[in-house]
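First the structure, in the form of structure tokens, and then the observations on it.
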Amino acid sequence: MSKITQADLHAYADAQLDEAHRLRVEAHIAHDAEAAENVRVWREQNQALRALYNPILNEPVPQRLLAVRASRIRWPYYAIAAGAMGLSFGLGWMAHPQQQSGRAVDTGALPRRAAVAYAVYAPEVRHPVEVGAEQQDHLVKWLSKRLGHQLKLPQLAQQGFDLVGGRLLPGGKGPVAQFMYQDPKGQRITLYVSRRDAEPGETAFRFSQEEKIAVFYWIDGKLGYALSAEMDRARLLTVATAVYRQLNP
Amino acid sequence: MMDSADIAAHIPRLRRYARALAGDSHRADDLVQDTLERALTKSHLWRRGSDLRAWMFAIMHNVFINQLKARRELALDEAAEAALESAPQSDPLQLRDLAAALARLPAEQREVLLLVGLEQFSYAEASQALNVPIGTVMSRLSRGRERLRTLMSGAPAATMNFKLVR
């Protein structure tokens, strides 16, 4: 067994080791009081830093930062998005997404329904989905047919999430599709897609915290989308942005 | 193609990091603003599929270092480090405030400590963001943690926790 180095101890304190490596370091520090104390102090430092600075994540972003825009360059995607979603989809759209008025397009119970569907199926161990990722083509065809609208399946591997599969759910006014993704740690995300019978419309991203479940949702044409997960808002937003971008290339 | 919403998604984290890095909130937001502007102007240099977060933090690192150089604070930091090194053991610094202790760290150690401890970057990501080898990340981390411990010693753990959760 090779020697445990200082670097190993740091990596252990920072939870950056794989399981086997972690167990080896654990065994080592069990009989090395000095190493154990170092690890304790380092972890305490990490925790102290987060306790001190994490509140900044929840501060409203100052206007001058939101006002920074790509004024000098051309952004093909930016232009399309801004055109489609209104000016709120600049850097400004995340200032207070939850406060944006719902008058123009009614999103109804979308975030609530999506969160409930997440809460029911995300913890499911044996049957989280009806159709698994291995039958991806069939899954998309089937759900598109039931919703009466061609669906697109975002690929979230870059964000660390692989497709688990999907299922058909009853929505308020007809069938709803739910796609489920999972990261290597087992953290799940669902994308809930419902067909709207109202006039096609568009909204900016909106955010809703449904108890423990964070939901980003938006309307795009005939479909309403809601991305739900039990994770912090900032991380979910990164995924939601990726989903949106893939759906609107 | 990256869009401004992608960049916007990183603002809260950039602000958190900048605050810890720069100290006061005004300077921190200046740092974020410069970073955003540079990121937008240089967006064509970002490789699609590569880690946007690491890229943004790398930009912030460069902006920060340039600002320090402009203010000649790098030299000051080195001087502070030398002073600490030679400080007599009988006169330990009685800093009780984590923010104040952080400000006493050399900038390069502060950056690593924050990327790893606060932002939870992997060592490889920190190495990418700071454009230094992983070995350098590790040695700065190790020295930074030791320095922080020295600076914070004298503050009983209970007092420290009380201050932090206020």
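Going by the structure tokens order, chains are called A, B, ..., each with residues numbered from 1, while ligands are numbered from 1 in the order shown.
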
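Residues in contact range of Leu247 (chain A), defined as at most 9 Å between only C-alpha atoms, with sequence neighbours fewer than 5 positions away removed, read Lys152, Leu153, Pro154 and Ala242 of chain A.
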
### Query
Residues at most 12 Å from Val112 (chain B), counting only C-alpha atoms, excluding those fewer than 4 positions away in the same chain, as a PyMOL selection string?
(chain A and resi 46) or (chain B and resi 17+20-21+57-58+61+102+105-108+116-132+134-145)

Could you write those residues out with N, CA and C atoms, as a CSV table (one decimal), in the first residue's frame?
chain,number,residue,atom,x,y,z
A,46,ASN,N,-13.4,25.2,5.3
A,46,ASN,CA,-14.3,25.2,4.1
A,46,ASN,C,-15.7,25.5,4.5
B,17,TYR,N,-17.6,34.6,-5.1
B,17,TYR,CA,-16.2,34.4,-5.2
B,17,TYR,C,-15.4,35.8,-5.1
B,20,ALA,N,-15.3,37.3,-1.6
B,20,ALA,CA,-14.3,36.7,-0.8
B,20,ALA,C,-12.9,37.1,-1.2
B,21,LEU,N,-12.8,37.2,-2.5
B,21,LEU,CA,-11.4,37.5,-3.0
B,21,LEU,C,-11.0,39.0,-2.8
B,57,PHE,N,-14.4,31.8,-14.5
B,57,PHE,CA,-13.5,32.0,-13.3
B,57,PHE,C,-12.1,32.3,-13.7
B,58,ALA,N,-11.7,31.7,-14.9
B,58,ALA,CA,-10.3,31.9,-15.4
B,58,ALA,C,-10.2,33.4,-15.8
B,61,HIS,N,-10.0,35.5,-12.8
B,61,HIS,CA,-8.6,35.4,-12.2
B,61,HIS,C,-7.7,36.4,-12.9
B,102,LEU,N,-8.6,36.1,5.7
B,102,LEU,CA,-8.5,35.9,4.3
B,102,LEU,C,-7.7,37.0,3.5
B,105,LEU,N,-4.1,36.7,3.5
B,105,LEU,CA,-3.4,35.7,2.7
B,105,LEU,C,-2.8,36.3,1.4
B,106,PRO,N,-1.7,35.7,1.0
B,106,PRO,CA,-1.3,36.1,-0.4
B,106,PRO,C,-2.4,35.8,-1.4
B,107,ALA,N,-2.5,36.7,-2.3
B,107,ALA,CA,-3.6,36.5,-3.3
B,107,ALA,C,-3.7,35.2,-3.9
B,108,GLU,N,-2.5,34.6,-4.3
B,108,GLU,CA,-2.5,33.3,-5.0
B,108,GLU,C,-3.0,32.2,-4.1
B,116,VAL,N,-11.4,26.1,-4.1
B,116,VAL,CA,-11.6,24.7,-3.6
B,116,VAL,C,-12.6,24.7,-2.5
B,117,GLY,N,-12.4,25.6,-1.5
B,117,GLY,CA,-13.2,25.5,-0.3
B,117,GLY,C,-14.6,26.1,-0.4
B,118,LEU,N,-14.6,27.2,-1.2
B,118,LEU,CA,-15.9,27.9,-1.3
B,118,LEU,C,-16.7,27.4,-2.6
B,119,GLU,N,-16.0,27.5,-3.7
B,119,GLU,CA,-16.6,27.1,-5.0
B,119,GLU,C,-16.7,25.6,-5.2
B,120,GLN,N,-15.9,24.9,-4.4
B,120,GLN,CA,-15.9,23.4,-4.6
B,120,GLN,C,-15.4,23.0,-6.0
B,121,PHE,N,-14.5,23.7,-6.5
B,121,PHE,CA,-13.8,23.2,-7.7
B,121,PHE,C,-13.0,22.0,-7.4
B,122,SER,N,-12.9,21.1,-8.4
B,122,SER,CA,-11.9,20.0,-8.2
B,122,SER,C,-10.5,20.7,-8.4
B,123,TYR,N,-9.5,19.9,-8.0
B,123,TYR,CA,-8.1,20.5,-8.1
B,123,TYR,C,-7.8,20.7,-9.6
B,124,ALA,N,-8.3,19.8,-10.4
B,124,ALA,CA,-8.1,20.0,-11.9
B,124,ALA,C,-8.7,21.2,-12.4
B,125,GLU,N,-10.0,21.5,-11.9
B,125,GLU,CA,-10.7,22.7,-12.4
B,125,GLU,C,-10.0,24.0,-11.9
B,126,ALA,N,-9.5,23.9,-10.7
B,126,ALA,CA,-8.8,25.1,-10.1
B,126,ALA,C,-7.5,25.3,-10.9
B,127,SER,N,-6.8,24.2,-11.3
B,127,SER,CA,-5.6,24.4,-12.1
B,127,SER,C,-5.9,25.0,-13.4
B,128,GLN,N,-7.0,24.6,-14.0
B,128,GLN,CA,-7.4,25.2,-15.3
B,128,GLN,C,-7.8,26.7,-15.1
B,129,ALA,N,-8.6,27.0,-14.1
B,129,ALA,CA,-9.0,28.4,-13.9
B,129,ALA,C,-7.8,29.3,-13.7
B,130,LEU,N,-6.8,28.8,-12.9
B,130,LEU,CA,-5.7,29.7,-12.5
B,130,LEU,C,-4.5,29.5,-13.5
B,131,ASN,N,-4.7,28.6,-14.4
B,131,ASN,CA,-3.6,28.3,-15.4
B,131,ASN,C,-2.3,28.0,-14.7
B,132,VAL,N,-2.3,27.2,-13.7
B,132,VAL,CA,-1.1,26.7,-13.1
B,132,VAL,C,-1.2,25.2,-13.0
B,134,ILE,N,-1.3,21.4,-11.4
B,134,ILE,CA,-2.1,20.9,-10.2
B,134,ILE,C,-1.1,20.9,-9.0
B,135,GLY,N,0.1,20.6,-9.2
B,135,GLY,CA,1.1,20.6,-8.1
B,135,GLY,C,1.1,22.0,-7.4
B,136,THR,N,1.1,23.0,-8.2
B,136,THR,CA,1.1,24.4,-7.7
B,136,THR,C,-0.2,24.6,-6.9
B,137,VAL,N,-1.3,24.1,-7.4
B,137,VAL,CA,-2.6,24.3,-6.7
B,137,VAL,C,-2.5,23.7,-5.4
B,138,MET,N,-1.9,22.5,-5.3
B,138,MET,CA,-1.8,21.7,-4.1
B,138,MET,C,-0.9,22.4,-3.1
B,139,SER,N,0.2,23.0,-3.5
B,139,SER,CA,1.1,23.6,-2.6
B,139,SER,C,0.5,24.9,-2.1
B,140,ARG,N,-0.2,25.7,-3.0
B,140,ARG,CA,-0.8,26.9,-2.5
B,140,ARG,C,-1.9,26.6,-1.5
B,141,LEU,N,-2.7,25.5,-1.8
B,141,LEU,CA,-3.8,25.1,-0.9
B,141,LEU,C,-3.2,24.8,0.4
B,142,SER,N,-2.1,24.0,0.4
B,142,SER,CA,-1.6,23.6,1.7
B,142,SER,C,-1.0,24.7,2.5
B,143,ARG,N,-0.3,25.6,1.8
B,143,ARG,CA,0.2,26.8,2.5
B,143,ARG,C,-0.9,27.7,3.0
B,144,GLY,N,-1.8,27.9,2.1
B,144,GLY,CA,-3.0,28.8,2.4
B,144,GLY,C,-3.7,28.3,3.6
B,145,ARG,N,-4.0,27.0,3.7
B,145,ARG,CA,-4.7,26.5,4.8
B,145,ARG,C,-3.9,26.6,6.1

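Every protein or nucleic acid residue with an atom no more than 8 Å from Ala114 (chain A), counting only C-alpha atoms and leaving out same-chain residues fewer than 5 positions away, appears here: Tyr192, Val215, Ala226, Leu227 and Ser228 of chain A.
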
### Who sits within 8 Å of region 18-28 of chain A, only C-alpha atoms, same chain under 4 positions skipped, as a PyMOL selection string
chain A and resi 4+8-9+12+32

Would you write out those residues with C-alpha atoms, as a PDB file, in the first residue's frame?
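Result written to again-v3.pdb:
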ATOM      1  CA  ILE A   4      -0.741   8.565   2.195  1.00  0.00           C
ATOM      2  CA  ASP A   8      -4.300  12.782  -0.274  1.00  0.00           C
ATOM      3  CA  LEU A   9      -5.319  14.313   3.032  1.00  0.00           C
ATOM      4  CA  TYR A  12      -9.968  13.647   1.466  1.00  0.00           C
ATOM      5  CA  ASP A  32      -2.755   9.307  12.886  1.00  0.00           C
TER       6      ASP A  32
END

May I have the residues within 12 Å of region 10-12 of chain B as a short mmCIF file (atom, residue, chain, number, x, y, z; two decimals) with N, CA and C atoms, in the first residue's frame, using only C-alpha atoms and disregarding those fewer than 5 positions away in the same chain?
data_model
loop_
_atom_site.label_atom_id
_atom_site.label_comp_id
_atom_site.auth_asym_id
_atom_site.auth_seq_id
_atom_site.Cartn_x
_atom_site.Cartn_y
_atom_site.Cartn_z
N TYR A 53 -19.88 33.30 3.13
CA TYR A 53 -20.11 33.89 1.81
C TYR A 53 -21.33 33.37 1.05
N ASN A 54 -21.88 32.24 1.46
CA ASN A 54 -23.03 31.72 0.71
C ASN A 54 -24.22 32.67 0.64
N PRO A 55 -24.46 33.48 1.69
CA PRO A 55 -25.62 34.39 1.60
C PRO A 55 -25.57 35.30 0.38
N ILE A 56 -24.37 35.53 -0.16
CA ILE A 56 -24.26 36.40 -1.33
C ILE A 56 -25.00 35.80 -2.53
N LEU A 57 -25.08 34.49 -2.57
CA LEU A 57 -25.77 33.84 -3.69
C LEU A 57 -27.23 34.26 -3.77
N ASN A 58 -27.80 34.61 -2.63
CA ASN A 58 -29.22 34.95 -2.61
C ASN A 58 -29.48 36.45 -2.69
N GLU A 59 -28.42 37.23 -2.74
CA GLU A 59 -28.63 38.67 -2.87
C GLU A 59 -29.14 38.99 -4.27
N PRO A 60 -29.98 40.00 -4.39
CA PRO A 60 -30.35 40.41 -5.74
C PRO A 60 -29.12 40.91 -6.49
N VAL A 61 -29.03 40.55 -7.77
CA VAL A 61 -27.87 40.97 -8.55
C VAL A 61 -28.00 42.47 -8.87
N PRO A 62 -26.97 43.25 -8.59
CA PRO A 62 -27.05 44.69 -8.85
C PRO A 62 -27.35 44.99 -10.31
N GLN A 63 -28.12 46.03 -10.49
CA GLN A 63 -28.55 46.42 -11.84
C GLN A 63 -27.37 46.61 -12.79
N ARG A 64 -26.31 47.18 -12.27
CA ARG A 64 -25.20 47.48 -13.19
C ARG A 64 -24.57 46.21 -13.77
N LEU A 65 -24.69 45.10 -13.04
CA LEU A 65 -24.17 43.85 -13.59
C LEU A 65 -25.14 43.27 -14.61
N LEU A 66 -26.43 43.44 -14.32
CA LEU A 66 -27.43 42.94 -15.27
C LEU A 66 -27.41 43.76 -16.56
N VAL A 68 -24.84 44.73 -18.09
CA VAL A 68 -23.73 44.37 -18.97
C VAL A 68 -24.29 43.54 -20.12
N LEU A 91 -29.24 39.59 -19.89
CA LEU A 91 -28.69 39.23 -18.60
C LEU A 91 -29.73 39.51 -17.53
N GLY A 92 -30.69 40.36 -17.87
CA GLY A 92 -31.65 40.80 -16.88
C GLY A 92 -32.68 39.77 -16.49
N MET A 94 -32.72 37.05 -15.13
CA MET A 94 -32.71 36.29 -13.88
C MET A 94 -32.72 37.17 -12.64
N ALA A 95 -32.93 38.45 -12.82
CA ALA A 95 -32.95 39.32 -11.66
C ALA A 95 -34.05 38.89 -10.69
N ARG A 233 -30.97 26.32 -6.59
CA ARG A 233 -31.50 27.05 -7.72
C ARG A 233 -30.44 27.36 -8.77
N ALA A 234 -29.24 27.74 -8.30
CA ALA A 234 -28.20 28.14 -9.24
C ALA A 234 -27.81 26.96 -10.13
N ARG A 235 -27.69 25.79 -9.52
CA ARG A 235 -27.28 24.63 -10.31
C ARG A 235 -28.39 24.24 -11.29
N LEU A 236 -29.62 24.26 -10.80
CA LEU A 236 -30.73 23.90 -11.68
C LEU A 236 -30.85 24.89 -12.84
N LEU A 237 -30.54 26.14 -12.56
CA LEU A 237 -30.62 27.15 -13.61
C LEU A 237 -29.64 26.85 -14.75
N THR A 238 -28.46 26.36 -14.38
CA THR A 238 -27.49 26.00 -15.41
C THR A 238 -28.08 24.93 -16.33
N VAL A 239 -28.73 23.94 -15.72
CA VAL A 239 -29.32 22.87 -16.52
C VAL A 239 -30.49 23.40 -17.34
N THR A 241 -30.96 26.32 -18.46
CA THR A 241 -30.46 27.11 -19.58
C THR A 241 -30.02 26.20 -20.72
N SER B 4 -25.85 35.16 -23.60
CA SER B 4 -25.63 35.93 -22.38
C SER B 4 -26.36 35.32 -21.19
N ALA B 5 -27.40 34.54 -21.46
CA ALA B 5 -28.09 33.90 -20.34
C ALA B 5 -27.18 32.87 -19.67
N TYR B 17 -17.60 34.65 -5.10
CA TYR B 17 -16.16 34.45 -5.15
C TYR B 17 -15.43 35.80 -5.10
N ALA B 18 -15.95 36.75 -5.86
CA ALA B 18 -15.31 38.06 -5.92
C ALA B 18 -15.32 38.74 -4.55
N ARG B 19 -16.42 38.57 -3.83
CA ARG B 19 -16.52 39.21 -2.52
C ARG B 19 -15.46 38.65 -1.58
N ALA B 28 -15.65 44.17 -5.26
CA ALA B 28 -16.03 42.84 -5.75
C ALA B 28 -16.93 42.96 -6.98
N ASP B 29 -17.92 43.84 -6.92
CA ASP B 29 -18.82 43.97 -8.06
C ASP B 29 -18.12 44.62 -9.26
N LEU B 31 -15.13 43.93 -9.99
CA LEU B 31 -14.42 42.77 -10.53
C LEU B 31 -15.38 41.90 -11.36
N VAL B 32 -16.58 41.71 -10.85
CA VAL B 32 -17.57 40.92 -11.59
C VAL B 32 -17.93 41.62 -12.91
N GLN B 33 -18.12 42.93 -12.82
CA GLN B 33 -18.50 43.66 -14.03
C GLN B 33 -17.42 43.57 -15.11
N ASP B 34 -16.17 43.78 -14.69
CA ASP B 34 -15.06 43.66 -15.65
C ASP B 34 -15.01 42.25 -16.24
N THR B 35 -15.27 41.28 -15.39
CA THR B 35 -15.24 39.89 -15.84
C THR B 35 -16.33 39.62 -16.87
N LEU B 36 -17.53 40.10 -16.58
CA LEU B 36 -18.65 39.89 -17.50
C LEU B 36 -18.38 40.56 -18.84
N GLU B 37 -17.87 41.77 -18.76
CA GLU B 37 -17.60 42.49 -20.00
C GLU B 37 -16.56 41.76 -20.84
N ALA B 39 -15.82 38.59 -20.66
CA ALA B 39 -16.37 37.32 -21.12
C ALA B 39 -17.23 37.51 -22.36
N ASP B 51 -15.99 23.72 -20.20
CA ASP B 51 -16.67 24.15 -18.99
C ASP B 51 -16.76 25.67 -18.90
N LEU B 52 -17.96 26.17 -19.05
CA LEU B 52 -18.14 27.63 -19.06
C LEU B 52 -17.80 28.24 -17.69
N ARG B 53 -18.13 27.51 -16.65
CA ARG B 53 -17.86 28.03 -15.31
C ARG B 53 -16.35 28.23 -15.11
N ALA B 54 -15.57 27.21 -15.46
CA ALA B 54 -14.12 27.31 -15.30
C ALA B 54 -13.58 28.45 -16.16
N TRP B 55 -14.15 28.60 -17.33
CA TRP B 55 -13.72 29.67 -18.25
C TRP B 55 -13.99 31.04 -17.64
N MET B 56 -15.19 31.21 -17.08
CA MET B 56 -15.55 32.49 -16.46
C MET B 56 -14.63 32.79 -15.27
N PHE B 57 -14.36 31.77 -14.47
CA PHE B 57 -13.50 31.99 -13.31
C PHE B 57 -12.07 32.27 -13.74
N MET B 60 -12.02 35.82 -14.56
CA MET B 60 -12.00 36.63 -13.34
C MET B 60 -10.60 36.63 -12.71
N GLU B 119 -15.95 27.46 -3.70
CA GLU B 119 -16.60 27.13 -4.97
C GLU B 119 -16.65 25.63 -5.23
#

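Atom pair CA of Gln182 (chain A) / CA of Phe216 (chain A) has a distance of 17.1 Å (rounded to one decimal).
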
### Task
Quote the spacing between CA of Arg167 (chain A) and CA of Val129 (chain A) in Å to one decimal place.
5.4 Å

### Task
Select, from A:Val116, A:Ala48, A:Ala33, A:Ala229, the residue with the minimum atom-to-atom distance to chain B, counting only C-alpha atoms.
A:Ala48

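Ranking B:Ser153, B:Asp30, B:Ile65, B:Thr41 by their shortest atom-to-atom distance to Leu14 (chain B), with only C-alpha atoms included, puts B:Asp30 first.
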
### Message
To test your reading of the structure, identify every residue in region 142-189 of chain A that backbone DSSP assigns to strand (DSSP E or B), and report it as number ranges by chain.
### Response
A: 162-171, 174-182, 188-189

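Shortest atom-to-atom contact with chain B among A:Gly160, A:Gly174, A:Pro128, A:Gly166: A:Gly160, counting only C-alpha atoms.
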
### Which of region 119-203 of chain A DSSP labels alpha helix (DSSP H), written as a list in words
Ala119, Val120, Tyr121, Gln136, Asp137, His138, Leu139, Val140, Lys141, Trp142, Leu143, Ser144, Lys145, Arg146 and Leu147 of chain A

### Message
So the first atom is CA of Gln187 (chain A) and the second is CA of Ala122 (chain A); what is the distance between them in Å, to one decimal place?
### Response
8.8 Å
